[in-house]
>>> print(open('my_file-v8.cif').read())   # mmCIF, C-alpha atoms and all ligand atoms
data_start
#
loop_
_atom_site.label_atom_id
_atom_site.label_comp_id
_atom_site.auth_asym_id
_atom_site.auth_seq_id
_atom_site.Cartn_x
_atom_site.Cartn_y
_atom_site.Cartn_z
CA MET A 1 15.12 24.73 -15.04
CA LYS A 2 15.99 21.38 -13.45
CA THR A 3 16.95 21.13 -9.78
CA MET A 4 20.26 19.46 -9.01
CA LYS A 5 18.44 16.36 -7.84
CA GLU A 6 16.47 16.15 -11.10
CA GLU A 7 19.62 16.68 -13.11
CA ARG A 8 21.37 13.94 -11.18
CA ALA A 9 18.45 11.54 -11.76
CA ALA A 10 18.37 12.36 -15.49
CA ILE A 11 22.11 11.80 -15.90
CA LEU A 12 22.09 8.58 -13.90
CA GLU A 13 19.08 7.27 -15.82
CA SER A 14 20.75 8.04 -19.14
CA PHE A 15 23.50 5.58 -18.13
CA LEU A 16 21.01 2.74 -18.27
CA SER A 17 20.64 2.87 -22.05
CA MET A 18 24.40 3.12 -22.69
CA ASP A 19 26.75 0.27 -23.42
CA ASP A 20 30.10 0.09 -21.60
CA ARG A 21 31.95 2.02 -24.31
CA GLU A 22 29.45 4.90 -24.34
CA LEU A 23 29.53 5.01 -20.57
CA PHE A 24 33.31 5.17 -20.59
CA LEU A 25 33.18 8.10 -23.02
CA VAL A 26 30.73 9.99 -20.84
CA LEU A 27 32.72 9.40 -17.66
CA THR A 28 35.97 10.55 -19.26
CA GLY A 29 34.46 13.26 -21.45
CA GLU A 30 33.85 16.96 -21.02
CA ARG A 31 31.26 16.62 -18.22
CA GLY A 32 32.87 13.48 -16.84
CA ILE A 33 33.68 15.06 -13.47
CA VAL A 34 30.02 15.88 -12.85
CA ALA A 35 28.89 12.40 -13.97
CA GLN A 36 31.49 10.81 -11.68
CA MET A 37 30.39 12.96 -8.78
CA TYR A 38 26.76 11.89 -9.28
CA LEU A 39 27.85 8.28 -9.44
CA LYS A 40 29.82 8.60 -6.23
CA GLU A 41 26.81 10.13 -4.49
CA ALA A 42 24.63 7.34 -5.85
CA ALA A 43 27.03 4.70 -4.52
CA GLU A 44 26.94 6.32 -1.08
CA GLU A 45 23.15 6.50 -1.20
CA TYR A 46 23.00 2.85 -2.23
CA LYS A 47 25.25 1.81 0.62
CA ARG A 48 23.21 3.80 3.11
CA THR A 49 19.76 2.63 1.99
CA VAL A 50 20.27 -0.89 0.66
CA GLY A 51 23.66 -1.78 2.08
CA GLY A 52 26.68 -3.28 0.33
CA ASP A 53 27.85 -2.74 -3.21
CA ALA A 54 26.28 -3.50 -6.54
CA ASP A 55 27.27 -3.21 -10.17
CA LEU A 56 26.79 0.22 -11.62
CA ARG A 57 23.60 -0.44 -13.57
CA THR A 58 21.82 -2.19 -10.68
CA MET A 59 22.83 0.63 -8.41
CA VAL A 60 21.54 3.29 -10.79
CA ARG A 61 18.29 1.38 -11.32
CA VAL A 62 17.72 1.16 -7.56
CA ILE A 63 18.62 4.77 -6.85
CA CYS A 64 16.37 6.00 -9.67
CA GLY A 65 13.53 3.74 -8.53
CA LYS A 66 13.90 1.61 -11.66
CA GLU A 67 14.37 -1.57 -9.71
CA PRO A 68 10.95 -2.24 -8.23
CA ALA A 69 11.89 -5.86 -7.60
CA LEU A 70 14.57 -4.90 -5.10
CA LEU A 71 12.49 -2.13 -3.56
CA LEU A 72 9.64 -4.60 -3.23
CA GLU A 73 11.85 -7.19 -1.51
CA LEU A 74 12.99 -4.64 1.04
CA ILE A 75 9.46 -3.39 1.71
CA LYS A 76 8.25 -6.99 2.04
CA SER A 77 10.87 -7.68 4.71
CA ALA A 78 9.89 -4.52 6.59
CA ALA A 79 6.25 -5.72 6.52
CA LYS A 80 7.32 -9.13 7.86
CA GLU A 81 9.31 -7.55 10.68
CA ALA A 82 6.28 -5.41 11.52
CA GLY A 83 4.18 -8.59 11.54
CA LYS A 84 6.53 -10.12 14.11
CA ILE A 85 5.89 -7.17 16.41
CA MET A 86 2.15 -7.75 15.95
CA LEU A 87 2.48 -11.42 16.87
CA SER A 88 4.57 -10.61 19.92
CA ALA A 89 1.56 -8.93 21.56
CA SER A 90 0.64 -10.49 24.84
CA GLU A 91 -0.92 -7.80 27.02
CA ILE A 92 -2.67 -5.28 24.83
CA SER A 93 -5.51 -3.78 26.82
CA PRO A 94 -3.56 -1.78 29.45
CA GLU A 95 -2.18 0.55 26.79
CA THR A 96 -5.28 0.97 24.67
CA ASP A 97 -6.48 4.54 24.04
CA GLU A 98 -9.62 5.78 22.32
CA LYS A 99 -9.33 8.09 19.32
CA GLN A 100 -11.92 10.30 17.63
CA GLY A 101 -15.03 8.46 16.39
CA HIS A 102 -17.12 5.56 17.63
CA ALA A 103 -15.02 2.74 19.21
CA ASN A 104 -11.84 3.94 17.50
CA PHE A 105 -8.95 2.53 19.50
CA VAL A 106 -5.20 2.66 19.25
CA THR A 107 -2.85 0.32 21.08
CA SER A 108 0.79 0.66 21.98
CA TYR A 109 1.40 -1.90 19.20
CA ASP A 110 -0.08 0.37 16.51
CA ARG A 111 2.41 3.01 17.66
CA ARG A 112 5.33 0.64 17.95
CA ILE A 113 4.78 -0.83 14.50
CA GLN A 114 4.30 2.59 12.97
CA GLU A 115 7.57 3.79 14.54
CA TYR A 116 9.38 0.71 13.28
CA LEU A 117 7.99 1.16 9.74
CA PHE A 118 8.83 4.88 9.63
CA LYS A 119 12.40 4.10 10.55
CA ALA A 120 12.86 1.11 8.25
CA LEU A 121 11.16 2.69 5.24
CA HIS A 122 12.87 6.03 5.76
CA GLU A 123 16.23 4.28 5.62
CA LEU A 124 15.12 2.63 2.41
CA LEU A 125 13.91 5.78 0.63
CA PRO A 126 15.02 8.81 2.65
CA GLU A 127 13.35 11.23 0.25
CA ALA A 128 9.90 9.62 0.57
CA HIS A 129 7.00 11.42 2.27
CA PHE A 130 4.79 9.63 4.79
CA VAL A 131 1.07 9.42 5.36
CA GLY A 132 0.41 7.06 8.25
CA GLU A 133 -2.60 6.30 10.38
CA GLU A 134 -1.02 7.07 13.73
CA GLU A 135 0.45 10.30 12.39
CA GLY A 136 -2.91 11.98 12.06
CA LYS A 137 -2.69 13.31 8.47
CA ASP A 138 -5.22 11.50 6.29
CA GLN A 139 -4.95 13.53 3.07
CA PHE A 140 -2.14 13.93 0.58
CA LEU A 141 -0.65 17.41 0.70
CA GLU A 142 0.79 18.99 -2.45
CA ALA A 143 4.31 17.91 -1.43
CA ASP A 144 3.23 14.25 -1.08
CA ARG A 145 2.34 14.18 -4.78
CA LYS A 146 5.94 14.72 -5.81
CA GLY A 147 8.33 11.78 -5.80
CA TYR A 148 7.73 8.89 -3.43
CA ALA A 149 5.20 8.74 -0.61
CA PHE A 150 4.53 5.85 1.76
CA VAL A 151 0.98 5.37 3.00
CA ILE A 152 0.99 2.97 5.91
CA ASP A 153 -1.42 1.34 8.31
CA PRO A 154 0.62 -0.39 11.02
CA ILE A 155 -2.31 -2.53 12.13
CA ASP A 156 -5.33 -2.71 9.87
CA GLY A 157 -7.93 -4.39 12.03
CA THR A 158 -7.14 -2.89 15.42
CA SER A 159 -10.45 -3.98 16.92
CA ASN A 160 -9.71 -7.55 15.75
CA PHE A 161 -6.26 -7.23 17.32
CA ILE A 162 -7.68 -6.13 20.66
CA ALA A 163 -10.37 -8.83 20.65
CA ARG A 164 -7.99 -11.49 19.27
CA TYR A 165 -10.31 -12.02 16.34
CA ARG A 166 -8.10 -12.80 13.35
CA PRO A 167 -6.67 -11.52 11.14
CA SER A 168 -5.10 -8.11 11.44
CA VAL A 169 -2.59 -7.03 8.81
CA VAL A 170 0.22 -4.59 8.09
CA SER A 171 -0.49 -2.44 5.05
CA ILE A 172 2.17 -0.49 3.13
CA GLY A 173 1.39 1.48 -0.02
CA LEU A 174 4.03 3.35 -1.99
CA PHE A 175 3.02 6.17 -4.31
CA LYS A 176 5.10 7.75 -7.04
CA ASP A 177 4.17 11.27 -8.11
CA GLY A 178 0.75 10.85 -6.51
CA ALA A 179 -0.08 7.56 -8.26
CA PRO A 180 -0.14 4.13 -6.61
CA TYR A 181 3.07 2.29 -7.45
CA LEU A 182 3.52 -0.60 -5.05
CA GLY A 183 1.45 -2.30 -2.34
CA VAL A 184 2.22 -4.87 0.35
CA VAL A 185 -0.31 -6.40 2.76
CA TYR A 186 1.02 -8.86 5.34
CA ASN A 187 -1.13 -11.13 7.49
CA PRO A 188 1.28 -12.48 10.11
CA TYR A 189 -1.27 -14.88 11.63
CA ASP A 190 -1.38 -17.00 8.46
CA ASP A 191 2.03 -15.83 7.19
CA VAL A 192 0.45 -14.56 3.96
CA LEU A 193 2.19 -11.79 2.06
CA CYS A 194 0.20 -10.16 -0.75
CA TYR A 195 1.92 -7.64 -2.99
CA ALA A 196 1.79 -5.86 -6.30
CA VAL A 197 3.81 -3.42 -8.36
CA LYS A 198 1.85 -1.25 -10.81
CA GLY A 199 1.59 -3.02 -14.16
CA GLU A 200 3.28 -6.21 -12.94
CA GLY A 201 0.44 -8.27 -11.48
CA ALA A 202 -0.43 -9.27 -7.94
CA PHE A 203 0.96 -12.11 -5.85
CA TRP A 204 -0.03 -14.17 -2.80
CA ASN A 205 3.08 -15.66 -1.21
CA GLY A 206 4.70 -15.56 -4.64
CA GLU A 207 1.76 -17.12 -6.54
CA PRO A 208 -0.03 -14.91 -9.09
CA MET A 209 -3.47 -13.76 -7.95
CA HIS A 210 -6.47 -13.44 -10.22
CA SER A 211 -9.85 -12.09 -9.33
CA SER A 212 -12.90 -14.34 -9.59
CA LYS A 213 -14.68 -14.90 -12.91
CA LEU A 214 -17.90 -15.99 -11.23
CA PRO A 215 -21.01 -13.84 -11.46
CA LEU A 216 -22.12 -12.00 -8.33
CA SER A 217 -24.95 -14.51 -7.82
CA ARG A 218 -22.32 -17.23 -7.22
CA SER A 219 -19.95 -15.11 -5.10
CA LEU A 220 -19.44 -14.05 -1.51
CA VAL A 221 -19.49 -10.30 -0.85
CA GLY A 222 -17.11 -8.76 1.70
CA PHE A 223 -17.93 -5.44 3.30
CA GLY A 224 -16.83 -3.03 5.98
CA THR A 225 -19.13 -1.09 8.27
CA SER A 226 -17.21 2.23 8.41
CA PRO A 227 -17.43 1.80 12.18
CA TYR A 228 -16.00 5.23 13.03
CA TYR A 229 -18.79 7.02 11.16
CA GLU A 230 -22.10 6.22 12.83
CA GLU A 231 -23.92 8.40 10.32
CA LEU A 232 -23.08 5.87 7.59
CA SER A 233 -24.41 2.82 9.36
CA LYS A 234 -27.96 2.83 7.93
CA LYS A 235 -26.73 3.41 4.39
CA THR A 236 -24.12 0.66 4.82
CA PHE A 237 -26.78 -1.85 5.76
CA ASP A 238 -29.06 -0.69 2.92
CA TYR A 239 -26.22 -1.60 0.53
CA ALA A 240 -25.51 -4.79 2.44
CA SER A 241 -29.08 -6.04 2.22
CA ARG A 242 -29.20 -5.33 -1.55
CA TYR A 243 -25.91 -7.18 -2.10
CA LEU A 244 -27.06 -10.03 0.13
CA ALA A 245 -30.02 -10.58 -2.19
CA LYS A 246 -27.73 -10.61 -5.23
CA SER A 247 -24.99 -12.91 -3.89
CA ILE A 248 -24.41 -16.12 -1.94
CA ASP A 249 -23.81 -14.35 1.39
CA LEU A 250 -21.94 -11.50 3.09
CA ARG A 251 -18.66 -11.52 5.05
CA ARG A 252 -17.09 -8.94 7.41
CA SER A 253 -13.43 -9.59 8.21
CA GLY A 254 -12.60 -6.45 10.23
CA THR A 255 -9.72 -5.36 7.99
CA ALA A 256 -10.26 -3.57 4.72
CA ALA A 257 -6.75 -4.28 3.44
CA TRP A 258 -7.39 -7.99 3.93
CA ASP A 259 -10.88 -7.72 2.37
CA LEU A 260 -9.31 -6.22 -0.76
CA SER A 261 -6.67 -8.96 -0.81
CA LEU A 262 -9.42 -11.59 -0.62
CA ALA A 263 -11.19 -10.02 -3.60
CA ALA A 264 -7.85 -10.03 -5.43
CA LYS A 265 -7.45 -13.74 -4.65
CA GLY A 266 -10.93 -14.49 -6.00
CA VAL A 267 -12.20 -15.61 -2.59
CA THR A 268 -14.91 -12.94 -2.69
CA GLY A 269 -16.49 -11.45 -5.80
CA LEU A 270 -17.07 -7.98 -4.41
CA PHE A 271 -16.04 -5.73 -1.52
CA PHE A 272 -17.52 -2.41 -0.49
CA GLU A 273 -17.18 0.13 2.33
CA LEU A 274 -18.69 3.60 2.39
CA LYS A 275 -15.78 5.42 4.00
CA LEU A 276 -12.18 4.33 4.32
CA SER A 277 -8.97 6.23 4.90
CA LEU A 278 -6.24 6.19 2.28
CA TRP A 279 -4.04 3.92 4.46
CA ASP A 280 -6.86 1.34 4.69
CA PHE A 281 -7.07 0.83 0.94
CA ALA A 282 -3.85 2.20 -0.66
CA ALA A 283 -2.02 -1.15 -0.80
CA GLY A 284 -5.04 -3.47 -1.02
CA ALA A 285 -6.74 -1.57 -3.84
CA LEU A 286 -3.60 -1.66 -5.99
CA ILE A 287 -3.23 -5.39 -5.29
CA ALA A 288 -6.89 -5.93 -6.26
CA GLN A 289 -6.52 -3.88 -9.46
CA GLU A 290 -3.41 -5.78 -10.44
CA ALA A 291 -5.33 -9.02 -9.93
CA GLY A 292 -8.00 -7.89 -12.39
CA CYS A 293 -10.57 -6.25 -10.10
CA THR A 294 -12.21 -2.95 -10.95
CA VAL A 295 -11.76 -0.62 -7.98
CA THR A 296 -13.80 2.59 -7.84
CA ASP A 297 -15.76 4.63 -5.33
CA ILE A 298 -19.21 3.32 -4.41
CA GLU A 299 -20.82 5.08 -7.39
CA GLY A 300 -18.36 3.63 -9.89
CA ASN A 301 -16.20 6.78 -10.28
CA PRO A 302 -12.41 6.37 -10.47
CA LEU A 303 -10.69 6.37 -7.07
CA ARG A 304 -8.96 9.64 -6.22
CA TRP A 305 -6.17 7.96 -4.24
CA ASP A 306 -5.45 11.07 -2.18
CA GLY A 307 -7.55 10.79 0.97
CA PRO A 308 -10.66 9.22 2.51
CA SER A 309 -13.10 7.63 0.06
CA SER A 310 -15.78 5.02 -0.37
CA VAL A 311 -14.43 1.90 -2.07
CA LEU A 312 -16.12 -0.62 -4.35
CA CYS A 313 -14.00 -3.49 -5.59
CA ALA A 314 -15.53 -5.84 -8.14
CA SER A 315 -14.09 -9.04 -9.56
CA GLU A 316 -13.88 -9.71 -13.29
CA GLY A 317 -16.98 -11.90 -13.14
CA ALA A 318 -19.26 -9.35 -11.47
CA ALA A 319 -21.40 -7.47 -13.99
CA LYS A 320 -21.52 -3.71 -13.58
CA ASP A 321 -25.32 -3.69 -13.79
CA ASP A 322 -25.35 -6.02 -10.79
CA TYR A 323 -22.98 -4.18 -8.53
CA ILE A 324 -23.47 -0.44 -9.17
CA LEU A 325 -26.52 0.28 -7.04
CA THR A 326 -28.78 3.30 -7.02
CA PHE A 327 -31.17 4.17 -4.25
C1 LIG A 401 -10.45 -0.36 9.96
C2 LIG A 401 -10.56 -1.69 9.29
C3 LIG A 401 -12.02 -2.08 9.17
C4 LIG A 401 -12.81 -1.05 8.42
C5 LIG A 401 -12.62 0.30 9.02
C6 LIG A 401 -11.15 0.67 9.09
P1 LIG A 401 -8.35 0.08 11.58
O1 LIG A 401 -9.11 0.04 10.12
O2 LIG A 401 -9.99 -1.67 8.01
O3 LIG A 401 -12.19 -3.29 8.47
O4 LIG A 401 -14.16 -1.41 8.45
O5 LIG A 401 -13.30 1.22 8.20
O6 LIG A 401 -11.00 1.92 9.64
O7 LIG A 401 -8.96 1.20 12.35
O8 LIG A 401 -8.54 -1.23 12.21
O9 LIG A 401 -6.96 0.37 11.18
CA CA A 402 -7.09 0.69 8.90
CA CA A 403 -4.93 0.92 11.86
#
>>> encode(input="my_file-v8.cif", output="structure tokens", more="lines below")
Ligand code: IPD
Ligand code: CA
Ligand code: CA
Amino acid sequence: MKTMKEERAAILESFLSMDDRELFLVLTGERGIVAQMYLKEAAEEYKRTVGGDADLRTMVRVICGKEPALLLELIKSAAKEAGKIMLSASEISPETDEKQGHANFVTSYDRRIQEYLFKALHELLPEAHFVGEEEGKDQFLEADRKGYAFVIDPIDGTSNFIARYRPSVVSIGLFKDGAPYLGVVYNPYDDVLCYAVKGEGAFWNGEPMHSSKLPLSRSLVGFGTSPYYEELSKKTFDYASRYLAKSIDLRRSGTAAWDLSLAAKGVTGLFFELKLSLWDFAAGALIAQEAGCTVTDIEGNPLRWDGPSSVLCASEGAAKDDYILTF
């Protein structure tokens, strides 16, 4: 038995395959009143979330999430606005608090950006669930697997932000029925916007991104140190020293979302980190996949995309035998 919301979505979606004549017949036919009511609701929803009017089919596509291009544009502008807040930081240290884990800080800017994104993205998709770093929940609950869910990191690279070591980025992932659907990573310091929609490729300021075709031996390897988990530090450096021997050199940027974007761009040939939260990799891992990278956990198993995980992101050129390590 369908809920009213599901019935509305099904009816609205059925309009998309109809020509004007068929649509006219439906709207004036036996169940025309119901169809008209759903359309009226959709128009109100469109006005509230996107603003303005649109032709019927565009409106239905947007409301039913069939217009990723428009959704993407709106999420990109929210990321850019959030980036402006990041750049406006002058005095950070007075409002810096420590969270759980080694050297895990949060600034008033993390909170401000998160609040801004909650508000802006909620207006965009009021029915979407949220998993955000400064909200405390780091695992998808059953409810988050239904419909849309935003997974956001207001500042990925907080320790960079505090130390003024660039970059730090805004990371916004959007999931649909528990699967990654859209990802946006914005680096306001270099004004670089990376984004991807599932199945539609990845882009760097509008230019298509492709992962590197070079073998590991001719690539740089990016990695993260899982700084909040001291127990992983020895293992991290065991991996690092093995990858150092197999590659040109190692790099540590201080933001996992940016590291994944660099692998997507083909700047690095591999990225690994032994423990990341979903908001660290949700957007970046989709961007990397869409650019041709293989993204798994550190052992090469498919990512679960529902909570903390190790992440291994390999370019097209890296051979599996070279990058899956056993100890
Ligand atoms: C951190 C960054 C860092 C990575 C850590 C993350 P935060 O996120 O992505 O590069 O090594 O594992 O937690 O705390 O700056 O948002
Ligand atoms: Ca982060
Ligand atoms: Ca963060």
>>> atom_distance(input="my_file-v8.cif", atom1="CA of His122 (chain A)", atom2="CA of Ser168 (chain A)")
23.6 Å
>>> residues_near_ligand(input="my_file-v8.cif", ligand="ligand CA 403 (chain A)", cutoff="6 Å", atoms="all atoms listed in the file", output="mmCIF file with C-alpha atoms, in the frame of the given file")
data_model
loop_
_atom_site.group_PDB
_atom_site.id
_atom_site.type_symbol
_atom_site.label_atom_id
_atom_site.label_comp_id
_atom_site.auth_asym_id
_atom_site.auth_seq_id
_atom_site.Cartn_x
_atom_site.Cartn_y
_atom_site.Cartn_z
ATOM 1 C CA ASP A 153 -1.420 1.340 8.310
ATOM 2 C CA PRO A 154 0.620 -0.390 11.020
ATOM 3 C CA ILE A 155 -2.310 -2.530 12.130
ATOM 4 C CA ASP A 156 -5.330 -2.710 9.870
ATOM 5 C CA THR A 158 -7.140 -2.890 15.420
#
>>> residues_near_ligand(input="my_file-v8.cif", ligand="ligand CA 402 (chain A)", cutoff="8 Å", atoms="only C-alpha atoms and all ligand atoms", output="list in words")
Glu133, Asp153, Ile155, Asp156, Gly157, Thr158, Thr255, Ala256, Ala257, Leu276, Ser277, Trp279, Asp280 and Phe281 of chain A
>>> residues_around(input="my_file-v8.cif", residues="region 308-324 of chain A", least_positions_apart="6", cutoff="6 Å", atoms="all atoms listed in the file", output="PyMOL selection string")
chain A and resi 211-216+269-278+293-298
>>> closest_residue(input="my_file-v8.cif", among="A:Asp191, A:Asp110, A:Asp306, A:Glu231", to="ligand LIG 401 (chain A)", atoms="all atoms listed in the file")
A:Asp110
>>> closest_residue(input="my_file-v8.cif", among="A:Ala264, A:Ala89, A:Val197, A:Val170", to="ligand LIG 401 (chain A)", atoms="all atoms listed in the file")
A:Val170
>>> residues_around(input="my_file-v8.cif", residues="Lys198 (chain A)", least_positions_apart="5", cutoff="7 Å", atoms="all atoms listed in the file", output="PyMOL selection string")
chain A and resi 181-182+290
>>> closest_residue(input="my_file-v8.cif", among="A:Glu230, A:Asp190, A:Glu207, A:Glu13", to="Thr58 (chain A)", atoms="only C-alpha atoms")
A:Glu13
>>> closest_residue(input="my_file-v8.cif", among="A:Ala42, A:Met209, A:Leu325, A:Ala163", to="ligand LIG 401 (chain A)", atoms="only C-alpha atoms and all ligand atoms")
A:Ala163
>>> axis_aligned_box(input="my_file-v8.cif", around="ligand LIG 401 (chain A)", padding_each_side="3 Å", output="lines of an AutoDock Vina configuration file")
center_x = -10.6
center_y = -0.7
center_z = 10.2
size_x = 13.2
size_y = 11.2
size_z = 10.3
>>> atom_distance(input="my_file-v8.cif", atom1="CA of Ser261 (chain A)", atom2="CA of Trp204 (chain A)")
8.7 Å
>>> closest_residue(input="my_file-v8.cif", among="A:His129, A:Arg252, A:Arg8, A:Arg242", to="ligand LIG 401 (chain A)", atoms="all atoms listed in the file")
A:Arg252
>>> closest_residue(input="my_file-v8.cif", among="A:Gln36, A:Thr3, A:Ser253, A:Ser17", to="ligand LIG 401 (chain A)", atoms="all atoms listed in the file")
A:Ser253
>>> residues_around(input="my_file-v8.cif", residues="Tyr38 (chain A)", least_positions_apart="3", cutoff="9 Å", atoms="all atoms listed in the file", output="compact mmCIF listing (two decimals) with C-alpha atoms, keeping the file's coordinate frame")
# COMPACT_ATOMS: atom_id res chain seq x y z
CA ARG A 8 21.37 13.94 -11.18
CA ALA A 9 18.45 11.54 -11.76
CA ILE A 11 22.11 11.80 -15.90
CA LEU A 12 22.09 8.58 -13.90
CA ILE A 33 33.68 15.06 -13.47
CA VAL A 34 30.02 15.88 -12.85
CA ALA A 35 28.89 12.40 -13.97
CA GLU A 41 26.81 10.13 -4.49
CA ALA A 42 24.63 7.34 -5.85
CA ALA A 43 27.03 4.70 -4.52
>>> atom_distance(input="my_file-v8.cif", atom1="CA of Arg57 (chain A)", atom2="CA of Leu74 (chain A)")
18.5 Å
>>> residues_near_point(input="my_file-v8.cif", point="(8.5, 9.1, 2.1)", cutoff="7 Å", atoms="all atoms listed in the file", output="list in words")
His122, Leu125, Pro126, Glu127, Ala128, His129, Phe130, Tyr148, Ala149 and Phe150 of chain A
>>> residues_around(input="my_file-v8.cif", residues="Val50 (chain A)", least_positions_apart="3", cutoff="7 Å", atoms="all atoms listed in the file", output="JSON, numbers by chain")
{"A": [46, 47, 124]}
>>> residues_around(input="my_file-v8.cif", residues="Ile85 (chain A)", least_positions_apart="4", cutoff="9 Å", atoms="only C-alpha atoms", output="PyMOL selection string")
chain A and resi 80-81+89+109+112-113
>>> decode(input="my_file-v8.cif", residues="region 282-289 of chain A", atoms="all heavy atoms", output="compact mmCIF listing (two decimals), in the first residue's frame")
# COMPACT_ATOMS: atom_id res chain seq x y z
N ALA A 282 32.10 11.18 1.94
CA ALA A 282 30.87 10.98 1.16
C ALA A 282 30.93 11.67 -0.21
O ALA A 282 30.74 11.04 -1.25
CB ALA A 282 29.66 11.47 1.94
N ALA A 283 31.24 12.96 -0.21
CA ALA A 283 31.25 13.70 -1.48
C ALA A 283 32.50 13.36 -2.29
O ALA A 283 32.41 13.05 -3.49
CB ALA A 283 31.20 15.20 -1.19
N GLY A 284 33.65 13.38 -1.65
CA GLY A 284 34.92 13.17 -2.36
C GLY A 284 35.01 11.79 -3.00
O GLY A 284 35.52 11.64 -4.12
N ALA A 285 34.51 10.77 -2.31
CA ALA A 285 34.62 9.41 -2.86
C ALA A 285 33.73 9.25 -4.09
O ALA A 285 34.11 8.57 -5.06
CB ALA A 285 34.27 8.38 -1.79
N LEU A 286 32.56 9.89 -4.07
CA LEU A 286 31.70 9.81 -5.27
C LEU A 286 32.38 10.55 -6.44
O LEU A 286 32.41 10.05 -7.57
CB LEU A 286 30.32 10.41 -4.99
CG LEU A 286 29.40 10.43 -6.22
CD1 LEU A 286 29.05 9.00 -6.66
CD2 LEU A 286 28.12 11.21 -5.97
N ILE A 287 32.95 11.72 -6.14
CA ILE A 287 33.65 12.49 -7.17
C ILE A 287 34.78 11.63 -7.76
O ILE A 287 34.95 11.54 -8.98
CB ILE A 287 34.17 13.83 -6.59
CG1 ILE A 287 32.98 14.74 -6.24
CG2 ILE A 287 35.13 14.51 -7.55
CD1 ILE A 287 33.32 15.97 -5.42
N ALA A 288 35.54 10.99 -6.88
CA ALA A 288 36.67 10.16 -7.35
C ALA A 288 36.17 8.99 -8.20
O ALA A 288 36.72 8.70 -9.27
CB ALA A 288 37.48 9.67 -6.15
N GLN A 289 35.10 8.34 -7.74
CA GLN A 289 34.55 7.21 -8.53
C GLN A 289 34.11 7.68 -9.90
O GLN A 289 34.37 7.04 -10.91
CB GLN A 289 33.33 6.62 -7.82
CG GLN A 289 33.68 5.61 -6.77
CD GLN A 289 32.44 4.92 -6.21
OE1 GLN A 289 31.31 5.39 -6.38
NE2 GLN A 289 32.66 3.82 -5.53
